[in-house]
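Source file: coords-v3.cif. Holds: mmCIF, C-alpha atoms.
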```
data_entry
#
loop_
_atom_site.label_atom_id
_atom_site.label_comp_id
_atom_site.auth_asym_id
_atom_site.auth_seq_id
_atom_site.Cartn_x
_atom_site.Cartn_y
_atom_site.Cartn_z
CA MET A 11 65.71 97.31 110.68
CA ILE A 12 66.61 99.96 108.07
CA GLU A 13 63.88 101.22 105.75
CA GLU A 14 66.43 102.09 103.05
CA LEU A 15 67.49 98.46 102.74
CA ILE A 16 64.28 97.88 100.80
CA PHE A 17 65.55 98.53 97.28
CA PRO A 18 65.75 101.14 95.79
CA GLY A 19 65.60 103.18 99.01
CA GLY A 20 69.37 103.16 99.56
CA CYS A 21 70.21 104.19 96.00
CA ARG A 22 67.81 107.10 96.25
CA LEU A 23 69.18 108.16 99.61
CA PHE A 24 72.70 108.22 98.16
CA HIS A 25 71.40 110.20 95.16
CA ARG A 26 69.90 112.88 97.43
CA TRP A 27 73.17 113.02 99.38
CA GLN A 28 75.06 113.56 96.12
CA GLU A 29 72.71 116.44 95.31
CA GLY A 30 73.56 118.15 98.59
CA ASP A 31 70.37 117.30 100.49
CA GLN A 32 71.10 117.94 104.18
CA GLN A 33 68.36 115.61 105.36
CA ALA A 34 69.88 112.81 103.30
CA LEU A 35 73.28 113.46 104.84
CA ASN A 36 71.76 113.41 108.32
CA ARG A 37 70.00 110.13 107.58
CA LEU A 38 73.20 108.56 106.25
CA LYS A 39 75.03 109.73 109.35
CA GLU A 40 72.39 108.09 111.53
CA ILE A 41 72.61 104.81 109.59
CA PHE A 42 76.40 104.67 109.59
CA ASP A 43 76.75 105.71 113.23
CA LYS A 44 74.70 102.65 114.15
CA THR A 45 76.47 100.52 111.55
CA ILE A 46 79.88 101.36 112.99
CA ALA A 47 78.58 100.68 116.49
CA GLY A 48 77.56 97.18 115.39
CA ASP A 49 73.80 97.68 115.72
CA TYR A 50 73.12 96.20 112.28
CA ASP A 51 75.63 93.35 112.23
CA GLU A 52 72.90 90.74 111.86
CA VAL A 53 71.96 91.95 108.36
CA PHE A 54 75.40 90.97 107.07
CA ALA A 55 74.78 87.30 107.82
CA GLN A 56 71.98 87.11 105.25
CA LYS A 57 73.05 85.08 102.22
CA PRO A 58 72.13 85.99 98.63
CA SER A 59 69.95 83.62 96.66
CA GLN A 60 71.72 80.93 94.65
CA HIS A 61 68.81 80.96 92.22
CA SER A 62 69.20 84.46 90.84
CA VAL A 63 71.78 86.48 88.97
CA GLN A 64 74.04 88.31 91.42
CA ALA A 65 75.24 91.91 91.50
CA SER A 66 78.47 93.09 93.10
CA ALA A 67 80.94 95.96 92.88
CA SER A 68 84.31 97.41 93.73
CA ILE A 69 83.39 100.22 96.13
CA ASN A 70 86.50 101.23 98.07
CA LEU A 71 86.37 104.71 96.51
CA PHE A 72 82.78 105.07 97.71
CA VAL A 73 83.73 103.94 101.22
CA LEU A 74 86.32 106.71 101.31
CA ALA A 75 83.76 109.28 100.11
CA ILE A 76 81.24 108.29 102.79
CA LEU A 77 83.77 108.30 105.63
CA THR A 78 85.16 111.64 104.47
CA SER A 79 81.74 113.26 104.05
CA LEU A 80 80.17 111.98 107.26
CA TYR A 81 83.15 111.98 109.61
CA GLY A 82 85.73 114.31 108.06
CA ILE A 83 88.54 111.78 108.28
CA ASP A 84 91.44 111.63 105.85
CA SER A 85 92.30 108.86 103.42
CA ALA A 86 94.83 107.09 105.64
CA GLU A 87 92.45 107.05 108.60
CA ALA A 88 89.52 105.94 106.45
CA TYR A 89 91.32 102.96 105.00
CA LYS A 90 93.62 101.95 107.85
CA GLY A 91 92.35 103.54 111.05
CA ASP A 92 89.80 100.94 112.14
CA ALA A 93 89.48 97.52 110.50
CA LYS A 94 86.01 96.81 111.89
CA ARG A 95 84.71 100.22 110.82
CA TYR A 96 85.98 99.70 107.28
CA VAL A 97 84.35 96.27 107.02
CA ARG A 98 81.02 97.40 108.45
CA VAL A 99 80.81 100.54 106.30
CA SER A 100 81.80 98.57 103.18
CA LEU A 101 79.13 95.94 103.75
CA MET A 102 76.42 98.46 104.60
CA ILE A 103 77.11 100.47 101.44
CA ARG A 104 76.63 97.29 99.41
CA LYS A 105 73.37 96.57 101.20
CA LEU A 106 72.09 100.10 100.60
CA LEU A 107 72.99 99.89 96.91
CA GLY A 108 71.00 96.68 96.60
CA LEU A 109 74.06 94.48 96.12
CA PRO A 110 73.56 91.24 98.06
CA LYS A 111 76.98 89.81 97.23
CA LEU A 112 79.09 90.95 100.18
CA TYR A 113 82.58 91.02 98.70
CA LEU A 114 85.31 92.91 100.60
CA GLU A 115 88.10 94.84 98.86
CA TRP A 116 90.47 97.76 99.39
CA PRO A 117 92.96 99.94 97.41
CA VAL A 118 94.99 96.88 96.51
CA TYR A 119 97.80 98.40 94.44
CA ALA A 120 98.63 101.01 97.06
CA PHE A 121 98.43 98.69 100.04
CA THR A 122 100.56 95.91 98.55
CA ALA A 123 103.31 98.37 97.62
CA GLU A 124 103.06 100.13 100.98
CA SER A 125 103.53 96.82 102.79
CA LEU A 126 106.98 96.55 101.16
CA GLY A 127 108.04 100.03 102.24
CA ALA A 128 107.18 102.12 99.17
CA VAL A 129 106.88 105.87 99.67
CA MET A 130 103.17 106.62 99.65
CA MET A 131 100.90 109.55 98.92
CA TYR A 132 97.54 109.89 100.70
CA PRO A 133 95.88 112.87 98.98
CA VAL A 134 92.97 114.60 100.70
CA GLY A 135 89.74 112.92 99.68
CA ALA A 136 91.49 110.59 97.25
CA PRO A 137 92.77 107.01 97.46
CA PRO A 138 96.45 106.36 98.18
CA GLY A 139 99.16 105.61 95.66
CA THR A 140 102.91 105.21 95.46
CA ASP A 141 105.07 108.27 94.84
CA PRO A 142 106.16 107.80 91.19
CA GLY A 143 109.21 109.99 91.76
CA ILE A 144 110.66 107.75 94.46
CA PRO A 145 110.71 104.12 93.31
CA LEU A 146 111.30 101.53 96.00
CA ILE A 147 113.68 99.38 93.96
CA ASN A 148 115.86 99.70 90.88
CA LYS A 149 117.93 97.52 88.59
CA ASN A 150 120.79 97.38 91.08
CA ASN A 151 119.03 96.61 94.37
CA TRP A 152 115.87 94.60 93.60
CA ARG A 153 117.40 91.31 94.72
CA GLY A 154 117.47 92.62 98.28
CA LEU A 155 113.71 93.16 98.42
CA LYS A 156 111.97 91.01 101.02
CA GLY A 157 108.33 90.44 101.79
CA PRO A 158 106.67 92.22 104.71
CA GLU A 159 106.59 90.91 108.23
CA MET A 160 103.14 89.44 108.72
CA ASP A 161 102.61 91.35 111.96
CA SER A 162 103.40 94.71 110.32
CA GLU A 163 100.72 97.30 109.58
CA ILE A 164 99.25 96.25 106.21
CA PRO A 165 99.33 92.44 106.58
CA LYS A 166 97.85 92.74 110.09
CA LEU A 167 95.17 95.10 108.76
CA PHE A 168 94.20 92.53 106.13
CA ASP A 169 94.11 89.74 108.72
CA ASP A 170 91.93 91.80 111.03
CA MET A 171 89.53 92.86 108.28
CA LEU A 172 89.14 89.39 106.83
CA ASP A 173 88.77 87.76 110.23
CA PHE A 174 85.98 90.19 111.09
CA TYR A 175 84.40 89.88 107.64
CA GLN A 176 84.30 86.11 108.02
CA ASP A 177 82.72 86.40 111.47
CA LEU A 178 80.03 88.80 110.22
CA THR A 179 79.09 87.09 106.97
CA GLY A 180 80.09 83.46 107.32
CA LEU A 181 81.63 83.76 103.85
CA GLU A 182 85.05 82.60 102.67
CA PRO A 183 87.57 85.46 102.99
CA VAL A 184 89.40 86.75 99.92
CA LEU A 185 92.88 88.26 100.29
CA HIS A 186 93.35 90.89 97.59
CA LEU A 187 96.95 91.57 96.55
CA THR A 188 98.75 93.03 93.56
CA ALA A 189 99.92 90.58 90.91
CA PRO A 190 103.67 90.39 90.21
CA TYR A 191 103.77 92.56 87.08
CA SER A 192 101.65 95.40 88.46
CA LEU A 193 103.55 95.24 91.73
CA ALA A 194 106.81 95.61 89.83
CA ALA A 195 105.35 98.59 87.96
CA ASP A 196 104.38 100.25 91.24
CA ILE A 197 107.71 99.80 93.03
CA TYR A 198 110.15 99.78 90.07
CA GLY A 199 108.43 102.37 87.88
CA GLN A 200 106.03 102.03 84.96
CA SER A 201 108.31 103.60 82.36
CA GLU A 202 111.41 101.79 83.61
CA LEU A 203 109.59 98.49 83.43
CA ALA A 204 108.27 99.23 79.93
CA THR A 205 111.81 99.95 78.78
CA ALA A 206 113.09 96.73 80.35
CA ILE A 207 110.37 94.70 78.62
CA SER A 208 111.85 95.66 75.28
CA ASP A 209 115.53 95.77 76.14
CA GLU A 210 115.93 93.17 78.89
CA PRO A 211 112.96 90.78 79.05
CA GLU A 212 114.98 88.20 81.00
CA HIS A 213 115.63 90.81 83.69
CA VAL A 214 111.90 91.54 83.93
CA ASN A 215 111.05 87.86 84.35
CA ASN A 216 113.74 87.45 86.99
CA LEU A 217 112.27 90.40 88.88
CA LEU A 218 108.77 88.93 88.64
CA ASN A 219 110.05 85.55 89.86
CA HIS A 220 111.60 87.31 92.84
CA LEU A 221 108.30 88.97 93.72
CA VAL A 222 106.52 85.63 93.49
CA ASP A 223 109.09 83.76 95.58
CA LYS A 224 109.95 86.40 98.20
CA VAL A 225 106.73 88.41 98.56
CA LEU A 226 103.59 86.64 97.36
CA THR A 227 104.45 83.04 98.29
CA PRO A 228 105.27 83.78 101.95
CA TRP A 229 102.17 85.99 102.17
CA GLY A 230 100.06 83.21 100.69
CA ASP A 231 101.53 80.70 103.14
CA HIS A 232 100.55 82.97 106.03
CA PHE A 233 97.07 83.65 104.70
CA PHE A 234 96.12 80.06 103.95
CA GLU A 235 97.44 78.86 107.28
CA LYS A 236 95.08 81.33 108.95
CA PHE A 237 92.22 80.99 106.44
CA PRO A 238 92.48 77.54 104.80
CA ASN A 239 89.13 78.05 103.01
CA GLY A 240 90.08 81.49 101.71
CA TRP A 241 91.01 82.72 98.26
CA LEU A 242 93.88 84.84 96.99
CA GLU A 243 92.74 87.32 94.35
CA LEU A 244 95.41 89.14 92.36
CA SER A 245 94.93 92.32 90.34
CA ASP A 246 97.13 93.11 87.36
CA ALA A 247 95.76 96.07 85.41
CA SER A 248 99.26 97.17 84.36
CA GLY A 249 99.94 93.71 82.98
CA SER A 250 96.86 93.76 80.76
CA PRO A 251 97.12 93.26 76.99
CA PHE A 252 95.71 96.78 76.71
CA PHE A 253 99.03 98.10 78.08
CA ILE A 254 101.79 95.60 77.27
CA GLY A 255 100.31 93.54 74.45
CA PRO A 256 99.07 89.95 74.45
CA GLU A 257 102.50 88.37 74.09
CA ASN A 258 104.01 90.16 77.08
CA CYS A 259 100.83 89.60 79.04
CA LYS A 260 101.21 85.88 78.43
CA ASN A 261 104.97 85.49 78.81
CA MET A 262 105.53 87.86 81.71
CA ALA A 263 102.39 88.84 83.63
CA ILE A 264 100.41 85.62 83.44
CA ARG A 265 103.51 83.42 83.45
CA SER A 266 104.49 84.82 86.85
CA ILE A 267 101.01 84.15 88.28
CA LEU A 268 101.19 80.57 87.01
CA ARG A 269 104.50 80.24 88.84
CA LEU A 270 102.67 81.17 92.05
CA LYS A 271 99.76 78.83 91.30
CA ASN A 272 101.85 75.85 90.23
CA LYS A 273 104.48 75.85 92.95
CA ASN A 274 102.18 76.04 95.98
CA PRO A 275 99.66 73.55 97.40
CA TRP A 276 97.11 76.36 97.70
CA GLY A 277 97.71 77.54 94.13
CA TYR A 278 94.31 76.35 92.93
CA ARG A 279 92.79 79.02 95.20
CA VAL A 280 94.68 81.83 93.44
CA TYR A 281 93.04 83.77 90.61
CA ASP A 282 93.25 87.01 88.61
CA ALA A 283 90.19 88.24 86.72
CA ASN A 284 91.05 91.80 85.73
CA TYR A 285 93.14 91.53 82.55
CA ARG A 286 91.49 93.96 80.18
CA GLY A 287 91.70 95.01 76.57
CA ASP A 288 90.92 91.87 74.58
CA TYR A 289 90.16 94.08 71.58
CA VAL A 290 93.91 94.41 70.92
CA THR A 291 93.71 90.98 69.32
CA GLN A 292 92.01 92.74 66.42
CA ALA A 293 95.00 95.03 65.84
CA LYS A 294 97.26 94.37 62.87
CA LYS A 295 100.68 92.97 63.55
CA ILE A 296 103.20 95.69 64.24
CA VAL A 297 106.65 95.00 62.88
CA ARG A 298 109.38 96.54 64.98
CA SER A 299 113.10 96.13 65.41
CA SER A 300 114.52 94.36 68.42
CA ARG A 301 115.65 97.70 69.86
CA ARG A 302 112.37 99.54 69.46
CA ARG A 303 110.67 100.02 72.80
CA VAL A 304 107.06 99.23 73.62
CA THR A 305 105.47 102.66 73.53
CA THR A 306 101.87 101.93 72.57
CA GLN A 307 99.27 99.64 74.02
CA ASN A 308 99.01 97.68 70.78
CA ALA A 309 102.71 97.04 70.20
CA HIS A 310 103.50 93.34 70.13
CA THR A 311 105.55 90.94 68.07
CA LYS A 312 103.06 88.13 67.62
CA GLU A 313 99.49 88.25 66.49
CA PHE A 314 97.05 86.69 68.94
CA SER A 315 93.52 85.66 68.12
CA PHE A 316 90.80 86.30 70.66
CA SER A 317 90.58 82.60 71.47
CA GLU A 318 94.33 82.36 72.05
CA LEU A 319 94.38 85.31 74.43
CA PHE A 320 91.23 84.10 76.16
CA ALA A 321 92.78 80.68 76.79
CA VAL A 322 95.85 82.26 78.35
CA LYS A 323 93.77 84.48 80.62
CA GLN A 324 91.57 81.57 81.63
CA GLU A 325 94.58 79.73 83.02
CA VAL A 326 94.61 82.20 85.92
CA CYS A 327 90.83 82.45 86.34
CA THR A 328 89.48 78.96 85.95
CA ASP A 329 86.21 79.07 87.91
CA TYR A 330 84.36 81.62 85.78
CA VAL A 331 84.64 83.74 82.65
CA MET A 332 85.10 87.49 83.08
CA ARG A 333 84.16 90.00 80.40
CA LEU A 334 85.18 93.54 81.40
CA HIS A 335 83.89 96.74 79.80
CA ASP A 336 87.33 97.63 78.40
CA ASP A 337 87.61 94.29 76.65
CA ARG A 338 85.30 95.78 74.00
CA MET A 339 84.67 92.46 72.32
CA PRO A 340 81.21 91.01 71.53
CA LEU A 341 79.52 89.52 74.56
CA ASN A 342 78.53 86.37 72.69
CA LEU A 343 82.20 85.35 72.43
CA TYR A 344 82.48 85.19 76.21
CA GLN A 345 79.13 83.51 76.56
CA GLU A 346 80.21 80.77 74.15
CA GLN A 347 83.49 80.28 75.97
CA ALA A 348 81.75 80.01 79.34
CA ILE A 349 79.41 77.34 77.98
CA ASP A 350 82.31 75.44 76.41
CA LEU A 351 84.20 75.53 79.72
CA ASN A 352 81.07 74.76 81.75
CA VAL A 353 81.56 77.72 84.12
CA PRO A 354 79.49 80.85 84.98
CA ILE A 355 80.07 84.25 83.41
CA PHE A 356 80.74 87.61 85.10
CA ILE A 357 80.06 90.80 83.11
CA GLY A 358 81.64 94.11 84.05
CA ILE A 359 80.03 97.56 84.12
CA GLY A 360 82.79 100.12 83.55
CA ALA A 361 83.22 103.21 85.71
CA THR A 362 82.65 105.45 82.67
CA GLN A 363 79.29 103.82 82.00
CA ILE A 364 77.93 105.02 85.35
CA ASP A 365 79.86 108.29 85.74
CA ARG A 366 77.28 110.99 86.52
CA ASN A 367 79.59 113.75 85.26
CA SER A 368 79.87 112.25 81.78
CA ILE A 369 76.15 111.75 81.21
CA GLY A 370 74.70 114.28 78.82
CA ASP A 371 71.14 113.15 78.19
CA MET A 372 69.98 111.16 81.21
CA SER A 373 66.84 109.91 79.48
CA THR A 374 68.82 108.45 76.59
CA THR A 375 71.40 107.00 78.99
CA LYS A 376 68.69 105.31 81.05
CA ASP A 377 67.14 103.70 77.99
CA ARG A 378 70.51 102.50 76.73
CA ILE A 379 71.67 101.11 80.08
CA LYS A 380 68.37 99.32 80.65
CA THR A 381 68.65 97.58 77.30
CA LEU A 382 72.27 96.69 78.01
CA SER A 383 71.43 95.41 81.49
CA LYS A 384 68.76 93.11 80.10
CA GLU A 385 71.26 91.75 77.60
CA TYR A 386 73.80 91.10 80.36
CA VAL A 387 71.29 89.40 82.65
CA GLU A 388 70.01 87.19 79.84
CA SER A 389 73.56 86.18 78.95
CA ILE A 390 74.31 85.16 82.52
CA LYS A 391 71.05 83.21 82.71
CA THR A 392 71.70 81.50 79.39
CA VAL A 393 75.10 80.32 80.59
CA ALA A 394 73.74 79.24 83.98
CA HIS A 395 70.89 77.23 82.51
CA THR A 396 73.13 75.60 79.91
CA ILE A 397 75.88 74.54 82.30
CA GLN A 398 73.26 73.38 84.78
CA ASN A 399 72.01 71.00 82.10
CA ASN A 400 75.64 69.99 81.55
CA ASN A 401 75.85 68.84 85.19
CA TYR A 402 77.64 71.88 86.62
CA SER A 403 77.68 70.93 90.30
CA LEU A 404 79.29 73.83 92.18
CA ARG A 405 76.32 75.60 93.78
CA THR A 406 78.40 78.15 95.67
CA PRO A 407 80.07 81.35 94.41
CA PRO A 408 80.76 82.07 91.58
CA TRP A 409 77.40 80.41 90.73
CA PRO A 410 75.22 81.51 89.01
CA GLY A 411 77.04 84.55 87.58
CA THR A 412 77.38 88.25 88.33
CA ILE A 413 76.89 91.75 87.02
CA TYR A 414 80.01 93.46 88.36
CA PHE A 415 80.40 97.23 88.80
CA GLU A 416 84.11 97.72 88.20
CA ASP A 417 84.27 100.96 90.22
CA VAL A 418 81.58 102.73 92.23
CA SER A 419 82.48 106.14 93.65
CA ALA A 420 80.85 109.37 94.76
CA ASN A 421 80.82 110.32 91.06
CA SER A 422 78.74 107.31 90.06
CA SER A 423 75.15 107.93 89.05
CA MET A 424 72.79 106.35 91.55
CA GLU A 425 70.02 106.61 88.99
CA VAL A 426 71.94 104.47 86.52
CA ILE A 427 73.00 102.00 89.22
CA GLU A 428 69.37 101.71 90.28
CA ILE A 429 68.34 100.74 86.75
CA ILE A 430 71.01 98.05 86.49
CA VAL A 431 70.33 96.55 89.92
CA SER A 432 66.58 96.73 89.31
CA THR A 433 67.02 94.75 86.10
CA VAL A 434 69.04 92.12 87.96
CA LEU A 435 66.37 91.85 90.65
CA ASP A 436 63.39 91.88 88.27
CA GLN A 437 64.72 89.61 85.53
CA GLY A 438 67.57 87.65 87.09
CA SER A 439 65.59 84.76 88.57
CA LEU A 440 66.67 81.31 87.41
CA LYS A 441 64.21 78.49 86.82
CA VAL A 442 65.40 75.59 88.93
#
```
Now, as a test, write the supplied structure out as structure tokens.
Amino acid sequence: MIEELIFPGGCRLFHRWQEGDQQALNRLKEIFDKTIAGDYDEVFAQKPSQHSVQASASINLFVLAILTSLYGIDSAEAYKGDAKRYVRVSLMIRKLLGLPKLYLEWPVYAFTAESLGAVMMYPVGAPPGTDPGIPLINKNNWRGLKGPEMDSEIPKLFDDMLDFYQDLTGLEPVLHLTAPYSLAADIYGQSELATAISDEPEHVNNLLNHLVDKVLTPWGDHFFEKFPNGWLELSDASGSPFFIGPENCKNMAIRSILRLKNKNPWGYRVYDANYRGDYVTQAKKIVRSSRRRVTTQNAHTKEFSFSELFAVKQEVCTDYVMRLHDDRMPLNLYQEQAIDLNVPIFIGIGATQIDRNSIGDMSTTKDRIKTLSKEYVESIKTVAHTIQNNNYSLRTPPWPGTIYFEDVSANSSMEVIEIIVSTVLDQGSLKV
């Protein structure tokens, strides 16, 4: 139905659009006009092969860029103005990029905070965020915070998008919300929360418990009543060991997610896969007084080995192993853990790795990324074949494993993306 869906046609069309080619823009406009009208809905029902390495991405920044470029609409309208349009455009972008895994996501940190009443900023051509100068809650009033009404703007938007996504694809819907720690950082203030971690850790944990009990649990109850086969994905970048250290990550960020998982009948369908910065386990122990505040990403009171931190993270992501670019630890460590746990492996491609503005020598970059892509694909295949021999029986997602672009935007190099996806397609087949 669409010539550009034959890879790498879509990548090359996007590349010409990035270069200012008017014909490319006109062609994209034609494709997305028909996409939004529903003319291509049938292509979204096609399922990816279960016998090949998958490729997927976070693309909400790219969705915004396309809607802004082609239709001149602002950030709020792009993300919230039409649920069906957002779903269709998101899925078509994935198809054009050669990504068969039709995952749906949105600006999760902004939307979760906005649902609670946070003051928002919607910059022109940029994703939304909370106004850091006007925190929603403080030390004196946080106990009064309640979860959103499920028929209010953001929860209803999520319901509408996921309902339509499920109808189009036949896939299990995934509700994407902010994890307790990152949510607290967004509505309480990053610096205020960092200070409280050092001075009043009990207060921080009480705040996180409140967010679990009053915000995320009622939202989960609503979601799973409507979508009993769905999943609740949490994101917690601010709670990563990169920012607050392994000990605080374990005892605050991950502890609060376990509270959500353990106290609810649907808790086994809750996961968080975006804790980053495993390399901090290689840092030397920093001795500090009880009054010294956490001011660096490596500050922590207990030394954690990689295996200790990995085990803690795996408690909130049990179905697969995730190795993100910013973890900066050898890939073989994650491969070994995945085999030991008998689960697939996901491997992240960082936004900086595909940023077209940071590439100096394209030829050198292409050679390097091709070699890296082959390594990633082989790792995923090695894990898949090994766990298959170990009687791994779950032949649905996350099987057999995924190359995951952590952020694709208008600044991403389509040439580099093409190389990575091409490697997945050419070398990702599993022998079954």
(request) Taking the point (68.5, 104.8, 96.2) as given in the file, collect each protein or nucleic acid residue that comes within 8 Å of it, counting only C-alpha atoms, and present the set as a ChimeraX atom specification. (result) /A:14,17-25,106-107,424-425,428
Could you turn the residues from that selection into a file that holds C-alpha atoms, as a PDB file, in the coordinates of the input?
```pdb
ATOM      1  CA  GLU A  14      66.430 102.090 103.050  1.00  0.00           C
ATOM      2  CA  PHE A  17      65.550  98.530  97.280  1.00  0.00           C
ATOM      3  CA  PRO A  18      65.750 101.140  95.790  1.00  0.00           C
ATOM      4  CA  GLY A  19      65.600 103.180  99.010  1.00  0.00           C
ATOM      5  CA  GLY A  20      69.370 103.160  99.560  1.00  0.00           C
ATOM      6  CA  CYS A  21      70.210 104.190  96.000  1.00  0.00           C
ATOM      7  CA  ARG A  22      67.810 107.100  96.250  1.00  0.00           C
ATOM      8  CA  LEU A  23      69.180 108.160  99.610  1.00  0.00           C
ATOM      9  CA  PHE A  24      72.700 108.220  98.160  1.00  0.00           C
ATOM     10  CA  HIS A  25      71.400 110.200  95.160  1.00  0.00           C
ATOM     11  CA  LEU A 106      72.090 100.100 100.600  1.00  0.00           C
ATOM     12  CA  LEU A 107      72.990  99.890  96.910  1.00  0.00           C
ATOM     13  CA  MET A 424      72.790 106.350  91.550  1.00  0.00           C
ATOM     14  CA  GLU A 425      70.020 106.610  88.990  1.00  0.00           C
ATOM     15  CA  GLU A 428      69.370 101.710  90.280  1.00  0.00           C
TER      16      GLU A 428
END
```
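Candidate residues A:Ala189, A:Ala93, A:Met262, A:Ile397 were compared for distance to Gln347 of chain A, and the nearest is A:Ile397, using only C-alpha atoms.
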(message) Counting all atoms listed in the file, which residue out of A:Pro340, A:Pro407, A:Gly82, A:Pro145 sits closest to Ser59 of chain A?
(response)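 Using all atoms listed in the file, Ser59 of chain A sits closest to A:Pro407.
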(request) Using the chain letters and numbering of this document, enumerate as a PyMOL selection string the residues selected by the PyMOL selection byres ((chain A and resi 37-48) around 7). (result) chain A and resi 33-36+49-51+80+95+98-99
For the residues in the current selection, export C-alpha atoms as a PDB file, in the coordinates of the input.
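The resulting file, out-v6.pdb, is reproduced below:
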```
ATOM      1  CA  GLN A  33      68.360 115.610 105.360  1.00  0.00           C
ATOM      2  CA  ALA A  34      69.880 112.810 103.300  1.00  0.00           C
ATOM      3  CA  LEU A  35      73.280 113.460 104.840  1.00  0.00           C
ATOM      4  CA  ASN A  36      71.760 113.410 108.320  1.00  0.00           C
ATOM      5  CA  ASP A  49      73.800  97.680 115.720  1.00  0.00           C
ATOM      6  CA  TYR A  50      73.120  96.200 112.280  1.00  0.00           C
ATOM      7  CA  ASP A  51      75.630  93.350 112.230  1.00  0.00           C
ATOM      8  CA  LEU A  80      80.170 111.980 107.260  1.00  0.00           C
ATOM      9  CA  ARG A  95      84.710 100.220 110.820  1.00  0.00           C
ATOM     10  CA  ARG A  98      81.020  97.400 108.450  1.00  0.00           C
ATOM     11  CA  VAL A  99      80.810 100.540 106.300  1.00  0.00           C
TER      12      VAL A  99
END
```
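Interatomic distance, atom CA of Asn258 of chain A to atom CA of Lys273 of chain A: 21.4 Å.
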(message) When the PyMOL selection byres ((chain A and resi 123) around 9) is applied to the structure above, which residues does it catch, written out as a list in words?
(response) Val118, Tyr119, Ala120, Phe121, Thr122, Glu124, Ser125, Leu126, Gly127, Ala128, Val129, Met130, Gly139, Thr140, Leu146, Thr188, Leu193, Ala194, Asp196 and Ile197 of chain A
(message) When you look at segment 355-368 of chain A with a cut-off of 9 Å (counting only C-alpha atoms), what residues show up, excluding the ones that are within fewer than 4 positions of it in the same chain? I need them as a ChimeraX atom specification.
(response) /A:67,330-336,341,344-345,348-349,379,386-387,389-390,393-394,408-419,421-427
(request) Calculate how many Å separate atom CA of Val97 of chain A from atom CA of Lys166 of chain A, rounding to one decimal. (result)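 Taking atom CA of Val97 of chain A as the start and atom CA of Lys166 of chain A as the end point, the length is 14.3 Å.
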(request) To one decimal in Å, tell me the separation between atom CA of Glu87 of chain A and atom CA of Asp282 of chain A. (result)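 Separation between atom CA of Glu87 of chain A and atom CA of Asp282 of chain A: 28.3 Å.
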